[in-house]
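Each remark here refers to the structure printed beneath this line.
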Amino acid sequence: MDRLKAYIRNVPDFPKPGIQFKDITPLVKNPMMLRLAVHQLIHPFLGEEITAVVGMEARGFIFGSLAAWEMGVSFVPLRKPGKLPYDIQSVSYDLEYGSTSLEVHTDALDSNDKVLLVDDLIATGGTAVASCQLIEKLGAEVCACAFVIELDELNGRKLLSKYQVHSLIHY
Ligand code: AMP
């Protein structure tokens with residue numbers, strides 16, 4: 001996965017001092033690398049009966065919708081508060097300062113669904129675990145979680161110990 005890593009831009013002190021922001025825009029700008037990343041994200045799950053890919057706003061939409069397209073399954077967006085127009089279910093979770101929530105349409109998934117959760121990056125794992133809770137609130141099953149980038153030292157994987165976790169690039 002060193003080929004992919006070369007297309008991740010490290011931006012120091014963004015959005016605030018001390019954060020090393022992992023910018024995926026060079027990767028998505030390169031069609032071959034984007035295809036490689038999407039194929040590698042879904043590869044372990046091609047034999048599983050996934051019915052939907054769920055992606056979190058906003059960079060999860062890029063990789064998640066392409067993964068759903070490649071797998072021939074539904075794509076379901078999890079959105080920031082106040083964006084979805086129809087009936088919603090929501091989950092709140094803590095950020096470094098304060099809290100936020102994610103929302104999903106109540107008819108987006110049901111107990112027949114087996115989900116692959118996709119995001120660009122796992123750091124503390126807070127966003128991903130909240131997303132899994134939201135998926136389960138709708139009665140669906142989380143089969144696995146897949147990330148392009150994992151920040152190993154934050155150990156977000158530990159919060160997701162109930163689930164299979166797959167990531168392509170490690171820092
Ligand atoms: P966390 O909930 O701490 O696992 O954070 C994951 C979410 O925050 C993902 O949706 C990422 O897109 C974003 N994120 C967290 N840390 C970074 C980082 N260093 N660079 C880019 N995105 C990040």
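If you're wondering about the labels, chains in the structure tokens are A, B, ... by order shown, residues count from 1 in each chain, ligands from 1 in order shown.
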- Message: Using only C-alpha atoms and all ligand atoms, which residues have at least one atom no more than 6 Å from ligand 1? Output them as an NGL selection string.
- Response: :A and (19-22 or 120-127)
- Task: Name the residues of chain A that fall into strand (DSSP E) according to DSSP on the backbone, using the chain letters and numbers of this document, as an MDAnalysis selection string.
- Result: chainID A and resid 9:12 20:23 52:56 74:78 88:94 99:105 114:122 141:150 164:170
- Query: Looking at A:Ala144, A:Ala52, A:Leu134, A:Met33, which one is nearest to Val104 of chain A, with distances taken over only C-alpha atoms?
  - Reply: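 Under the stated criterion, the closest residue is A:Leu134.
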- If you run DSSP over the backbone, which residues in segment 68-132 of chain A end up helix (DSSP H, G or I)? Put them as a list in words.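 Secondary structure check on segment 68-132 of chain A, helix (DSSP H, G or I): Ala68, Trp69, Glu70, Met71, Gly126, Thr127, Ala128, Val129, Ala130, Ser131 and Cys132 of chain A.
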- State, in Å with one decimal place, the distance from atom CA of Arg3 of chain A to atom CA of Ala146 of chain A.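 Atom CA of Ala146 of chain A lies at a distance of 18.3 Å from atom CA of Arg3 of chain A.
Here the question is which of A:Ala130, A:Met71, A:Leu109, A:Lys5 gets nearest to Glu150 of chain A using only C-alpha atoms, and that residue is A:Lys5.
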- atom CA of Gln40 of chain A to atom CA of Tyr171 of chain A, distance in Å rounded to a single decimal: 17.4 Å
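One distance worth recording is that between atom CA of Val165 of chain A and atom CA of Val115 of chain A, which is 12.6 Å.
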- Note on the structure: One residue among A:Leu102, A:Val38, A:Leu27, A:Leu151 is nearest to Gln133 of chain A when using only C-alpha atoms, and that residue is A:Leu102
- Hey, what's within 9 Å of Gly64 of chain A if we count only C-alpha atoms and toss same-chain stuff fewer than 6 positions away? As a VMD selection string, please? chain A and resid 38 53 to 56 75 to 77 116 to 120
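Of the residues listed (A:Ser65, A:Ser74, A:Gln89, A:Thr51), A:Gln89 shows the shortest atom-to-atom separation from Ser131 of chain A; distances use only C-alpha atoms.
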What's the 10 Å shell around Thr106 of chain A, counting only C-alpha atoms, without same-chain residues fewer than 3 positions away, as a compact mmCIF listing (two decimals) with N, CA and C atoms, in the first residue's frame?
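To be explicit, this is the file written out as result.txt:
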```txt
# COMPACT_ATOMS: atom_id res chain seq x y z
N TYR A 86 -36.12 13.96 5.43
CA TYR A 86 -37.24 13.06 5.76
C TYR A 86 -37.12 12.64 7.23
N ASP A 87 -37.89 11.62 7.65
CA ASP A 87 -37.83 11.14 9.05
C ASP A 87 -36.42 10.62 9.35
N ILE A 88 -35.91 11.00 10.51
CA ILE A 88 -34.52 10.60 10.82
C ILE A 88 -34.40 9.86 12.16
N GLN A 89 -33.33 9.09 12.24
CA GLN A 89 -32.83 8.53 13.50
C GLN A 89 -31.47 9.19 13.71
N SER A 90 -31.07 9.43 14.96
CA SER A 90 -29.78 10.09 15.15
C SER A 90 -29.01 9.48 16.32
N GLU A 103 -26.93 11.68 11.51
CA GLU A 103 -28.33 11.34 11.25
C GLU A 103 -28.44 10.45 10.01
N LEU A 109 -32.22 1.71 6.03
CA LEU A 109 -31.77 0.34 6.29
C LEU A 109 -32.82 -0.36 7.13
N ASP A 110 -32.81 -1.70 7.10
CA ASP A 110 -33.68 -2.45 8.01
C ASP A 110 -33.00 -3.76 8.42
N ILE A 135 -26.49 2.54 12.73
CA ILE A 135 -26.88 1.45 11.81
C ILE A 135 -27.67 0.39 12.58
N LYS A 137 -29.35 0.85 15.35
CA LYS A 137 -30.65 1.41 15.77
C LYS A 137 -31.73 1.13 14.74
N LEU A 138 -31.32 1.04 13.47
CA LEU A 138 -32.29 0.76 12.39
C LEU A 138 -32.51 -0.74 12.22
```
